[in-house]
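Participant: Coordinates in final-v1.csv, CSV, C-alpha atoms, are listed below.
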chain,number,residue,atom,x,y,z
A,254,MET,CA,132.1,135.2,106.4
A,255,ASN,CA,133.4,135.0,102.9
A,256,PHE,CA,131.1,134.9,99.8
A,257,GLU,CA,131.4,131.1,99.4
A,258,THR,CA,130.5,130.4,103.0
A,259,VAL,CA,127.5,132.8,102.9
A,260,ALA,CA,126.2,131.1,99.8
A,261,ALA,CA,126.6,127.6,101.3
A,262,ARG,CA,125.2,128.4,104.8
A,263,GLY,CA,122.8,131.3,104.4
A,264,GLY,CA,119.0,131.4,103.7
A,265,ARG,CA,118.0,128.8,106.3
A,266,ASP,CA,115.9,129.8,109.3
A,267,VAL,CA,114.0,133.0,110.1
A,268,PRO,CA,113.0,133.7,113.7
A,269,SER,CA,109.3,134.1,114.3
A,270,ALA,CA,107.0,134.6,117.3
A,271,SER,CA,104.2,132.8,115.5
A,272,ARG,CA,103.9,129.4,113.9
A,273,PRO,CA,102.4,128.3,110.5
A,274,LEU,CA,98.8,127.1,110.7
A,275,THR,CA,99.6,124.6,107.9
A,276,PRO,CA,102.7,122.6,108.7
A,277,PRO,CA,105.6,123.2,106.3
A,278,ILE,CA,107.3,120.6,104.1
A,279,TYR,CA,110.5,119.4,105.8
A,280,GLN,CA,112.4,119.0,102.6
A,281,THR,CA,115.7,117.9,104.2
A,282,ASN,CA,117.6,114.6,104.2
A,283,VAL,CA,119.6,115.2,107.4
A,284,TYR,CA,119.4,117.0,110.7
A,285,ALA,CA,122.1,118.8,112.6
A,286,PHE,CA,122.8,118.5,116.4
A,287,GLU,CA,124.2,120.9,118.9
A,288,ASP,CA,126.0,118.3,121.1
A,289,MET,CA,126.6,114.5,121.5
A,290,GLU,CA,124.1,114.2,124.3
A,291,ALA,CA,121.4,115.4,121.9
A,292,VAL,CA,122.5,112.9,119.3
A,293,GLU,CA,122.5,110.0,121.6
A,294,SER,CA,119.1,110.9,123.2
A,295,VAL,CA,117.4,111.1,119.8
A,296,TRP,CA,119.0,107.9,118.5
A,297,GLU,CA,117.9,106.1,121.7
A,298,HIS,CA,114.4,107.5,121.4
A,299,LYS,CA,114.7,109.3,124.8
A,300,ARG,CA,113.9,112.6,123.2
A,301,PRO,CA,111.8,113.4,120.1
A,302,GLY,CA,113.8,114.3,117.1
A,303,PHE,CA,114.9,113.4,113.6
A,304,VAL,CA,118.2,112.2,112.2
A,305,TYR,CA,118.0,111.2,108.5
A,306,GLY,CA,115.4,111.3,105.7
A,307,ARG,CA,115.1,107.5,105.4
A,308,TYR,CA,114.3,107.3,109.1
A,309,GLY,CA,111.5,109.9,108.8
A,310,THR,CA,110.8,113.6,109.2
A,311,ALA,CA,108.2,115.6,111.0
A,312,ASN,CA,105.9,115.2,107.9
A,313,HIS,CA,106.0,111.5,108.3
A,314,THR,CA,105.2,111.6,112.0
A,315,MET,CA,102.3,114.0,111.4
A,316,LEU,CA,100.9,111.7,108.8
A,317,GLU,CA,101.4,108.5,110.8
A,318,ASP,CA,99.8,110.0,113.9
A,319,LEU,CA,96.8,111.3,112.0
A,320,VAL,CA,96.0,108.0,110.2
A,321,ALA,CA,96.7,106.0,113.3
A,322,ALA,CA,94.1,108.1,115.2
A,323,LEU,CA,91.6,107.6,112.3
A,324,GLU,CA,92.1,103.8,112.4
A,325,GLY,CA,92.3,103.5,116.2
A,326,ALA,CA,95.8,102.0,115.9
A,327,GLU,CA,98.7,102.4,118.4
A,328,ALA,CA,101.2,103.2,115.8
A,329,ALA,CA,101.8,103.5,112.0
A,330,VAL,CA,104.6,103.4,109.5
A,331,ALA,CA,104.5,105.4,106.3
A,332,CYS,CA,106.1,103.8,103.2
A,333,ALA,CA,106.9,104.7,99.6
A,334,SER,CA,103.9,102.8,98.2
A,335,GLY,CA,101.2,100.3,99.0
A,336,MET,CA,103.5,97.5,97.8
A,337,GLY,CA,106.3,99.1,99.8
A,338,ALA,CA,104.2,98.8,102.9
A,339,THR,CA,103.3,95.2,102.1
A,340,THR,CA,107.0,94.4,101.6
A,341,ALA,CA,108.1,96.1,104.8
A,342,LEU,CA,105.3,94.3,106.7
A,343,LEU,CA,106.2,90.8,105.4
A,344,LEU,CA,109.9,91.4,106.0
A,345,GLY,CA,109.3,92.7,109.5
A,346,LEU,CA,106.7,90.0,110.4
A,347,CYS,CA,107.7,86.8,108.8
A,348,GLU,CA,110.7,84.4,108.6
A,349,GLY,CA,111.5,81.3,106.6
A,350,GLY,CA,109.2,78.4,107.3
A,351,ASP,CA,106.2,80.6,108.2
A,352,HIS,CA,102.8,79.8,106.6
A,353,LEU,CA,100.3,82.5,105.5
A,354,ILE,CA,96.6,82.2,104.6
A,355,ALA,CA,95.5,84.8,102.1
A,356,ALA,CA,92.2,85.7,100.3
A,357,ARG,CA,92.4,84.2,96.8
A,358,ASP,CA,91.1,87.5,95.3
A,359,LEU,CA,93.8,89.8,96.8
A,360,TYR,CA,95.0,92.7,94.8
A,361,GLY,CA,97.0,91.2,91.9
A,362,SER,CA,100.4,92.6,92.8
A,363,THR,CA,100.0,91.5,96.4
A,364,ALA,CA,99.1,88.0,95.4
A,365,ALA,CA,102.1,87.9,93.0
A,366,PHE,CA,104.4,89.1,95.8
A,367,LEU,CA,103.2,86.3,98.1
A,368,LYS,CA,103.4,83.6,95.4
A,369,GLU,CA,106.8,84.5,94.1
A,370,ASP,CA,108.9,86.8,96.3
A,371,ALA,CA,107.7,85.6,99.7
A,372,ARG,CA,108.0,82.0,98.6
A,373,ARG,CA,111.7,82.6,97.6
A,374,LEU,CA,112.2,83.8,101.2
A,375,GLY,CA,110.7,80.5,102.5
A,376,VAL,CA,107.2,81.8,103.4
A,377,GLU,CA,104.4,79.6,102.0
A,378,THR,CA,101.0,81.1,101.2
A,379,GLU,CA,97.8,79.2,100.9
A,380,PHE,CA,95.0,81.1,99.1
A,381,VAL,CA,91.4,80.4,100.2
A,382,ASP,CA,87.9,81.8,99.7
A,383,ALA,CA,88.0,84.3,102.5
A,384,THR,CA,84.3,85.0,102.4
A,385,ASP,CA,83.8,81.7,104.2
A,386,PRO,CA,85.2,81.9,107.7
A,387,GLY,CA,85.4,78.1,107.8
A,388,ARG,CA,87.9,78.1,104.9
A,389,ILE,CA,90.2,80.4,106.8
A,390,LEU,CA,90.0,78.6,110.1
A,391,GLY,CA,90.3,75.2,108.4
A,392,ALA,CA,93.6,76.2,106.7
A,393,LEU,CA,95.4,77.1,110.0
A,394,ARG,CA,98.6,75.2,110.7
A,395,PRO,CA,101.1,75.2,113.6
A,396,ARG,CA,103.4,77.5,111.6
A,397,THR,CA,100.6,79.9,110.4
A,398,ARG,CA,101.9,83.4,111.1
A,399,ALA,CA,99.2,85.5,109.6
A,400,VAL,CA,95.9,85.7,107.7
A,401,PHE,CA,95.9,88.3,105.0
A,402,VAL,CA,92.6,89.6,103.6
A,403,GLU,CA,91.0,92.8,102.3
A,404,ALA,CA,88.3,94.9,103.9
A,405,LEU,CA,86.6,95.1,100.5
A,406,SER,CA,88.0,93.0,97.8
A,407,ASN,CA,89.2,94.3,94.5
A,408,PRO,CA,87.2,94.3,92.2
A,409,LEU,CA,84.1,92.5,93.4
A,410,LEU,CA,83.7,94.2,96.8
A,411,ARG,CA,83.6,91.0,98.8
A,412,LEU,CA,83.9,91.1,102.6
A,413,VAL,CA,85.5,89.0,105.3
A,414,ASP,CA,83.5,88.5,108.4
A,415,LEU,CA,86.3,89.5,110.7
A,416,PRO,CA,84.4,88.9,114.0
A,417,ALA,CA,83.8,85.3,112.9
A,418,VAL,CA,87.6,84.6,112.6
A,419,ALA,CA,89.4,87.1,114.9
A,420,PRO,CA,88.8,85.4,118.3
A,421,GLU,CA,90.3,82.0,117.2
A,422,LEU,CA,93.2,83.7,115.4
A,423,ALA,CA,93.9,85.7,118.5
A,424,ARG,CA,93.8,82.6,120.7
A,425,ARG,CA,96.4,81.0,118.4
A,426,GLY,CA,98.6,84.1,118.2
A,427,VAL,CA,98.0,84.5,114.4
A,428,GLU,CA,98.1,88.0,113.0
A,429,LEU,CA,95.0,89.2,111.2
A,430,ILE,CA,96.2,91.6,108.4
A,431,VAL,CA,93.5,93.6,106.6
A,432,ASP,CA,94.2,95.7,103.5
A,433,SER,CA,91.6,98.4,103.9
A,434,SER,CA,92.6,100.5,100.9
A,435,LEU,CA,89.2,100.1,99.1
A,436,ALA,CA,87.3,101.1,102.3
A,437,SER,CA,89.4,103.7,104.2
A,438,PRO,CA,88.8,104.4,107.9
A,439,ALA,CA,85.9,106.7,106.9
A,440,VAL,CA,84.0,103.5,105.9
A,441,PHE,CA,85.5,100.7,108.1
A,442,ARG,CA,87.9,100.4,111.0
A,443,PRO,CA,89.2,96.8,111.0
A,444,ILE,CA,91.0,97.0,114.3
A,445,GLU,CA,87.6,97.5,116.0
A,446,HIS,CA,86.6,94.1,114.6
A,447,GLY,CA,89.7,92.1,115.6
A,448,ALA,CA,92.3,93.0,113.0
A,449,THR,CA,95.8,93.3,114.4
A,450,VAL,CA,97.4,94.9,111.3
A,451,VAL,CA,95.9,97.3,108.8
A,452,LEU,CA,97.4,98.2,105.4
A,453,HIS,CA,96.6,101.1,103.2
A,454,SER,CA,97.7,102.4,99.8
A,455,LEU,CA,97.8,106.1,100.7
A,456,THR,CA,97.7,106.6,97.0
A,457,LYS,CA,93.9,106.0,97.1
A,458,PHE,CA,91.2,107.4,99.4
A,459,ILE,CA,93.4,108.7,102.2
A,460,SER,CA,95.3,111.2,100.0
A,461,GLY,CA,92.4,111.2,97.6
A,462,HIS,CA,93.6,113.6,94.9
A,463,GLY,CA,95.6,111.4,92.5
A,464,ASP,CA,98.9,113.1,93.3
A,465,VAL,CA,100.5,110.8,95.8
A,466,THR,CA,102.1,107.4,95.8
A,467,GLY,CA,102.4,106.0,99.3
A,468,GLY,CA,101.5,103.2,101.7
A,469,MET,CA,101.1,102.6,105.4
A,470,VAL,CA,101.1,99.8,108.0
A,471,LEU,CA,99.2,100.3,111.2
A,472,GLY,CA,98.9,98.2,114.3
A,473,ARG,CA,100.5,97.6,117.7
A,474,ALA,CA,103.5,99.7,118.6
A,475,GLU,CA,105.7,96.5,118.7
A,476,THR,CA,104.6,95.5,115.2
A,477,ALA,CA,105.2,99.0,113.9
A,478,ALA,CA,108.7,99.1,115.3
A,479,ARG,CA,109.6,95.9,113.4
A,480,VAL,CA,108.0,97.1,110.2
A,481,ARG,CA,109.8,100.5,110.5
A,482,ALA,CA,113.2,98.7,110.9
A,483,ALA,CA,112.4,96.7,107.8
A,484,MET,CA,111.3,99.8,105.9
A,485,ILE,CA,114.5,101.7,106.7
A,486,ARG,CA,116.7,98.8,105.7
A,487,ALA,CA,114.8,98.2,102.5
A,488,GLY,CA,114.8,101.9,101.6
A,489,ALA,CA,111.0,101.9,101.2
A,490,ASN,CA,110.7,105.3,102.8
A,491,LEU,CA,108.1,107.9,101.7
A,492,GLY,CA,109.3,111.3,100.5
A,493,PRO,CA,108.4,114.3,102.8
A,494,PHE,CA,106.4,116.1,100.1
A,495,ASP,CA,104.3,113.0,99.5
A,496,ALA,CA,103.8,112.7,103.3
A,497,TRP,CA,102.7,116.4,103.4
A,498,LEU,CA,100.3,115.9,100.5
A,499,ALA,CA,98.8,112.7,102.1
A,500,THR,CA,98.3,114.5,105.4
A,501,ARG,CA,96.6,117.4,103.6
A,502,GLY,CA,94.3,114.9,101.8
A,503,ALA,CA,93.5,112.9,104.9
A,504,ARG,CA,92.1,116.0,106.6
A,505,THR,CA,89.2,116.0,104.1
A,506,LEU,CA,88.6,112.2,104.2
A,507,ALA,CA,85.4,112.4,106.1
A,508,VAL,CA,83.6,114.9,103.9
A,509,ARG,CA,84.9,113.3,100.7
A,510,LEU,CA,83.8,109.8,101.5
A,511,GLU,CA,80.4,110.9,102.8
A,512,ARG,CA,79.7,112.4,99.3
A,513,GLN,CA,81.4,109.6,97.3
A,514,CYS,CA,79.7,106.8,99.2
A,515,ALA,CA,76.3,108.4,98.8
A,516,THR,CA,76.8,108.8,95.1
A,517,ALA,CA,78.1,105.3,94.7
A,518,CYS,CA,75.0,103.9,96.3
A,519,ARG,CA,72.8,105.9,93.9
A,520,LEU,CA,74.8,104.8,90.9
A,521,ALA,CA,74.6,101.2,91.9
A,522,GLY,CA,70.8,101.4,92.2
A,523,PHE,CA,70.7,103.1,88.8
A,524,LEU,CA,72.9,100.4,87.1
A,525,GLU,CA,70.8,97.6,88.6
A,526,GLY,CA,67.9,98.8,86.6
A,527,GLN,CA,69.6,98.8,83.2
A,528,GLY,CA,69.0,96.0,80.8
A,529,SER,CA,72.5,96.1,79.4
A,530,VAL,CA,73.9,95.3,82.9
A,531,ALA,CA,73.8,91.7,84.0
A,532,ARG,CA,74.9,92.3,87.6
A,533,VAL,CA,76.0,95.0,89.9
A,534,TYR,CA,78.4,94.5,92.8
A,535,TYR,CA,78.0,97.0,95.6
A,536,PRO,CA,77.7,95.9,99.3
A,537,GLY,CA,75.1,98.6,100.0
A,538,LEU,CA,72.6,96.8,97.6
A,539,PRO,CA,70.2,94.2,99.1
A,540,SER,CA,71.2,92.0,96.0
A,541,HIS,CA,74.8,91.8,97.2
A,542,PRO,CA,75.4,88.3,98.6
A,543,GLN,CA,77.0,89.8,101.7
A,544,HIS,CA,74.7,92.8,102.2
A,545,ALA,CA,73.8,91.7,105.8
A,546,PRO,CA,77.5,91.5,107.1
A,547,ALA,CA,78.2,94.7,105.1
A,548,ARG,CA,75.5,96.6,107.0
A,549,ARG,CA,76.6,95.1,110.2
A,550,LEU,CA,80.3,95.9,109.8
A,551,MET,CA,79.9,99.1,107.8
A,552,PRO,CA,76.6,100.5,109.1
A,553,ARG,CA,77.0,104.2,108.1
A,554,ARG,CA,78.2,103.7,104.5
A,555,GLN,CA,79.4,100.9,102.3
A,556,GLY,CA,82.2,102.4,100.2
A,557,ALA,CA,82.8,104.5,97.1
A,558,MET,CA,83.6,101.6,94.8
A,559,LEU,CA,81.3,99.5,92.7
A,560,ALA,CA,81.5,97.1,89.8
A,561,PHE,CA,79.1,95.8,87.2
A,562,ASP,CA,79.0,93.1,84.5
A,563,LEU,CA,78.1,94.3,81.0
A,564,ARG,CA,76.1,91.9,78.8
A,565,GLY,CA,78.2,91.3,75.7
A,566,GLY,CA,81.6,90.9,77.4
A,567,ALA,CA,84.7,92.6,76.0
A,568,GLY,CA,82.9,94.1,73.0
A,569,ALA,CA,80.4,95.8,75.3
A,570,VAL,CA,83.3,97.2,77.4
A,571,GLU,CA,85.0,98.6,74.3
A,572,ARG,CA,81.7,100.3,73.3
A,573,PHE,CA,81.3,101.7,76.8
A,574,MET,CA,84.8,103.2,76.7
A,575,ALA,CA,84.2,104.8,73.3
A,576,ARG,CA,80.9,106.4,74.4
A,577,THR,CA,81.6,107.8,77.9
A,578,ARG,CA,83.0,111.3,78.1
A,579,LEU,CA,82.9,112.2,81.9
A,580,LEU,CA,84.0,108.8,83.2
A,581,GLU,CA,87.7,108.2,82.3
A,582,PHE,CA,89.7,105.0,82.1
A,583,ALA,CA,92.4,105.0,84.8
A,584,PRO,CA,93.8,101.9,86.5
A,585,SER,CA,93.6,103.2,90.1
A,586,PHE,CA,91.0,104.4,92.4
A,587,GLY,CA,90.2,106.9,95.2
A,588,ASP,CA,90.5,110.1,93.3
A,589,VAL,CA,88.1,113.1,93.5
A,590,ALA,CA,87.3,112.3,89.8
A,591,THR,CA,85.2,109.3,88.9
A,592,THR,CA,87.2,106.7,87.0
A,593,TRP,CA,86.7,103.2,85.8
A,594,THR,CA,89.0,100.3,84.9
A,595,TYR,CA,88.9,96.8,83.3
A,596,PRO,CA,90.0,94.3,85.9
A,597,ALA,CA,90.5,91.4,83.4
A,598,ARG,CA,93.3,93.4,81.8
A,599,THR,CA,94.7,95.6,84.6
A,600,SER,CA,94.7,94.6,88.3
A,601,HIS,CA,94.7,90.9,87.4
A,602,ARG,CA,97.0,91.1,84.4
A,603,GLY,CA,99.0,87.8,84.2
A,604,VAL,CA,96.3,85.7,85.9
A,605,ALA,CA,95.0,82.9,83.7
A,606,GLU,CA,91.5,83.4,82.2
A,607,GLU,CA,90.2,80.3,84.0
A,608,GLU,CA,91.6,81.6,87.3
A,609,GLN,CA,89.9,85.0,86.7
A,610,ALA,CA,86.6,83.2,86.0
A,611,ALA,CA,86.9,81.2,89.2
A,612,MET,CA,87.2,84.5,91.1
A,613,GLY,CA,84.2,85.9,89.3
A,614,ILE,CA,86.1,88.3,87.0
A,615,GLY,CA,84.6,88.0,83.6
A,616,PRO,CA,85.3,89.8,80.2
A,617,GLY,CA,82.4,92.2,80.8
A,618,LEU,CA,83.4,93.4,84.3
A,619,VAL,CA,83.8,97.1,84.8
A,620,ARG,CA,85.0,98.6,88.1
A,621,VAL,CA,84.1,102.2,89.0
A,622,SER,CA,85.7,104.5,91.6
A,623,VAL,CA,83.2,107.2,92.4
A,624,GLY,CA,84.3,110.8,92.8
A,625,LEU,CA,82.8,114.1,93.8
A,626,GLU,CA,80.9,115.1,90.6
A,627,ASP,CA,77.2,115.7,90.5
A,628,PRO,CA,75.5,112.4,90.6
A,629,ASP,CA,73.1,113.4,87.8
A,630,ASP,CA,76.0,114.2,85.5
A,631,LEU,CA,77.5,110.8,86.2
A,632,ILE,CA,74.2,109.0,85.5
A,633,ALA,CA,73.8,110.9,82.3
A,634,ASP,CA,77.3,109.8,81.2
A,635,LEU,CA,76.6,106.2,82.2
A,636,THR,CA,73.4,106.2,80.2
A,637,VAL,CA,75.3,107.2,77.1
A,638,GLY,CA,78.0,104.7,77.8
A,639,LEU,CA,75.5,101.8,78.2
A,640,GLY,CA,73.8,102.7,75.0
Since I need it in another form, could you write the structure as structure tokens?
Facilitator:
Amino acid sequence: MNFETVAARGGRDVPSASRPLTPPIYQTNVYAFEDMEAVESVWEHKRPGFVYGRYGTANHTMLEDLVAALEGAEAAVACASGMGATTALLLGLCEGGDHLIAARDLYGSTAAFLKEDARRLGVETEFVDATDPGRILGALRPRTRAVFVEALSNPLLRLVDLPAVAPELARRGVELIVDSSLASPAVFRPIEHGATVVLHSLTKFISGHGDVTGGMVLGRAETAARVRAAMIRAGANLGPFDAWLATRGARTLAVRLERQCATACRLAGFLEGQGSVARVYYPGLPSHPQHAPARRLMPRRQGAMLAFDLRGGAGAVERFMARTRLLEFAPSFGDVATTWTYPARTSHRGVAEEEQAAMGIGPGLVRVSVGLEDPDDLIADLTVGLG
């Protein structure tokens, strides 16, 4: 071969009698075939294989199979972000004229998507207090397609009693969608309690290291196929390197969450005894209004997230930010580092103050994502921050 051909076609595969213990990154956007029979068999899903990056690579399949096994789902679809997963799910599941019921304290971007984008597509959403099963069941209509809730709400860690609503929803053929990003399957597996679809922001606990943006939809194989088709058409596909990173992170999910949840419970107990703290929100505390269902649904651990109200409102939050050194302000969660954020100005930006107040989000509310640091160091930093 001439020089130009060698440069263009060389440096590809190296024969080996062994295989890598850690799977490689399949950093390719297209796959080559040896004959038309192979092309047709892969396109028609008669043989395993890959075609084009937007349709997925081996890295995507490994990630999807792993998280589906962790959640107890038939199938999964990896997407470019949590909101990409939400978009693909709604495009694959709903049509004009459908009615949705959603928790009124859903993640802000999800609520905005349902209020604005889904409405323009002819899908109407009714927001209810999802902590009351009667409110959910009372809002059902003949055209209700799905109920959309969170396993643990952001930022007040509220729960939905899934077993109290799942049987009636199943009887009516209504999908029960649970965004379990704040919990992760190491804390809670919604499908075991009646959910039919589970959403995750892979960005958070599943990847766990603050270096991935991704999302995932999990559920029945039929649902996953519809979501995958919508994801492909919308171009909401996850990159192979992010899929590889998320898979690497998911393998340590159990040990990370065991430590993070234990520390979160200890910090919540510490904060509850501080005079500058008006209230602590953590499902593992007996003072949490839903402590009983939390222990029933999440008996082993109650999550690595907590929130607390500072006496003194916004001014107290500003002083807290100026004093802390170990806890850093970062508007996300699920990292190995402990971070905090201010819900009134981040996740619920754009929501009117009176609407925030109705949801329980006040000017002194601080949300904490607990990491892997020594608990004593975190308590020392909180002590300084609280003054």
Participant: Determine the nearest neighbour of Arg504 of chain A from the options A:Val292, A:Tyr305, A:Ala322, A:Ile614, counting only C-alpha atoms.
Facilitator: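 For Arg504 of chain A, the nearest of the given residues is A:Ala322.
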Participant: Which residue gives the smallest distance to Asp414 of chain A among A:Ala487, A:Lys457, A:Glu606, A:His446, with all atoms listed in the file counted?
Facilitator: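 Once distances to Asp414 of chain A are computed over all atoms listed in the file, the minimum belongs to A:His446.
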Participant: Using all atoms listed in the file, determine which residues lie at most 8 Å from Thr339 of chain A, disregarding the query and same-chain residues fewer than 5 positions distant; provide the list as a ChimeraX atom specification.
Facilitator: /A:363,452,470
Participant: Would you kindly return, as a list in words, each protein, DNA or RNA residue with an atom no farther than 8 Å from any atom of Val402 of chain A, considering all atoms listed in the file and excluding same-chain residues fewer than 6 positions away?
Facilitator: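 Neighbouring residues, sequence-local ones excluded: Ala355, Ala356, Leu359, Ala383, Val413, Leu429, Ile430, Val431 and Asp432 of chain A.
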Participant: Pick the closest to Pro536 of chain A from A:Met336, A:Leu409, A:Met574, A:Val381: which is it, counting only C-alpha atoms?
Facilitator: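 Nearest to Pro536 of chain A: A:Leu409.
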Participant: In Å, how far is it from atom CA of Arg501 of chain A to atom CA of Ala439 of chain A?
Facilitator: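 Between atom CA of Arg501 of chain A and atom CA of Ala439 of chain A the gap is 15.5 Å.
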Participant: With all atoms listed in the file as the basis for distance, which of A:Glu324, A:Glu369, A:Thr378, A:Tyr534 is at the shortest distance from Ser433 of chain A?
Facilitator: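 Among the listed residues, A:Glu324 lies closest to Ser433 of chain A.
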Participant: So, counting only C-alpha atoms, which residue among A:Glu581, A:Gly640, A:Gly537, A:Gly526 is closest to Ala569 of chain A?
Facilitator: A:Gly640
Participant: Excluding segment 308-314 of chain A and any residue of its chain fewer than 4 positions from it, enumerate the residues within 10 Å of it, using only C-alpha atoms, and give them as a ChimeraX atom specification.
Facilitator: /A:276-284,302-304,318-319,329-332,481-482,484-486,488,490-500
Participant: Measuring atom to atom with only C-alpha atoms, identify which of A:Cys514, A:Ala474, A:Ala338, A:Ala545 is nearest to His453 of chain A.
Facilitator: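 For His453 of chain A, the nearest of the given residues is A:Ala338.
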Participant: From (105.4, 92.1, 93.7), in the file's coordinates, out to 12 Å: which residues are reached, counting all atoms listed in the file? Answer as a list in words.
Facilitator: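 The residues that fall inside the cut-off are Ser334, Gly335, Met336, Gly337, Ala338, Thr339, Thr340, Leu343, Tyr360, Gly361, Ser362, Thr363, Ala364, Ala365, Phe366, Leu367, Lys368, Glu369, Asp370, Ala371 and Arg372 of chain A.
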Participant: With only C-alpha atoms as the counted atoms, please give the residues lying no more than 7 Å from Gly587 of chain A, apart from itself and same-chain residues fewer than 6 positions off, as a list in words.
Facilitator: Lys457, Phe458, Gly461 and Ser622 of chain A
Participant: Can you work out the spacing between atom CA of Pro408 of chain A and atom CA of Ala448 of chain A in Å, to one decimal?
Facilitator: 21.5 Å
Participant: Where atoms are absent from segment 399-414 of chain A, fill them in so it carries N, CA, C and O atoms, then output it as a CSV table (one decimal), keeping the file's coordinate frame.
Facilitator:
chain,number,residue,atom,x,y,z
A,399,ALA,N,100.1,84.4,109.8
A,399,ALA,CA,99.2,85.5,109.6
A,399,ALA,C,98.1,85.1,108.6
A,399,ALA,O,98.3,84.2,107.8
A,400,VAL,N,97.0,85.8,108.7
A,400,VAL,CA,95.9,85.7,107.7
A,400,VAL,C,95.8,87.1,107.1
A,400,VAL,O,95.8,88.1,107.7
A,401,PHE,N,95.8,87.1,105.7
A,401,PHE,CA,95.9,88.3,105.0
A,401,PHE,C,94.7,88.5,104.1
A,401,PHE,O,94.5,87.7,103.2
A,402,VAL,N,93.8,89.4,104.4
A,402,VAL,CA,92.6,89.6,103.6
A,402,VAL,C,92.4,91.1,103.3
A,402,VAL,O,93.2,91.9,103.7
A,403,GLU,N,91.3,91.4,102.6
A,403,GLU,CA,91.0,92.8,102.3
A,403,GLU,C,89.7,93.2,102.9
A,403,GLU,O,88.8,92.3,103.0
A,404,ALA,N,89.5,94.4,103.4
A,404,ALA,CA,88.3,94.9,103.9
A,404,ALA,C,87.2,94.8,102.9
A,404,ALA,O,86.0,94.3,103.2
A,405,LEU,N,87.4,95.3,101.7
A,405,LEU,CA,86.6,95.1,100.5
A,405,LEU,C,87.5,94.6,99.4
A,405,LEU,O,88.5,95.3,99.1
A,406,SER,N,87.1,93.5,98.8
A,406,SER,CA,88.0,93.0,97.8
A,406,SER,C,88.0,93.7,96.5
A,406,SER,O,87.0,94.4,96.2
A,407,ASN,N,89.0,93.6,95.8
A,407,ASN,CA,89.2,94.3,94.5
A,407,ASN,C,89.1,93.2,93.4
A,407,ASN,O,90.0,92.3,93.4
A,408,PRO,N,88.1,93.2,92.5
A,408,PRO,CA,87.2,94.3,92.2
A,408,PRO,C,85.7,94.0,92.6
A,408,PRO,O,84.9,94.8,92.3
A,409,LEU,N,85.4,92.9,93.2
A,409,LEU,CA,84.1,92.5,93.4
A,409,LEU,C,83.5,92.8,94.7
A,409,LEU,O,82.3,92.5,95.1
A,410,LEU,N,84.2,93.6,95.5
A,410,LEU,CA,83.7,94.2,96.8
A,410,LEU,C,83.2,93.1,97.7
A,410,LEU,O,82.1,93.2,98.3
A,411,ARG,N,83.9,92.0,97.9
A,411,ARG,CA,83.6,91.0,98.8
A,411,ARG,C,84.1,91.3,100.2
A,411,ARG,O,85.1,92.0,100.3
A,412,LEU,N,83.5,90.8,101.2
A,412,LEU,CA,83.9,91.1,102.6
A,412,LEU,C,84.3,89.8,103.3
A,412,LEU,O,84.0,88.7,103.0
A,413,VAL,N,85.1,90.0,104.3
A,413,VAL,CA,85.5,89.0,105.3
A,413,VAL,C,84.8,89.3,106.6
A,413,VAL,O,84.9,90.4,107.1
A,414,ASP,N,84.1,88.3,107.2
A,414,ASP,CA,83.5,88.5,108.4
A,414,ASP,C,84.5,88.4,109.5
A,414,ASP,O,84.8,87.4,110.1
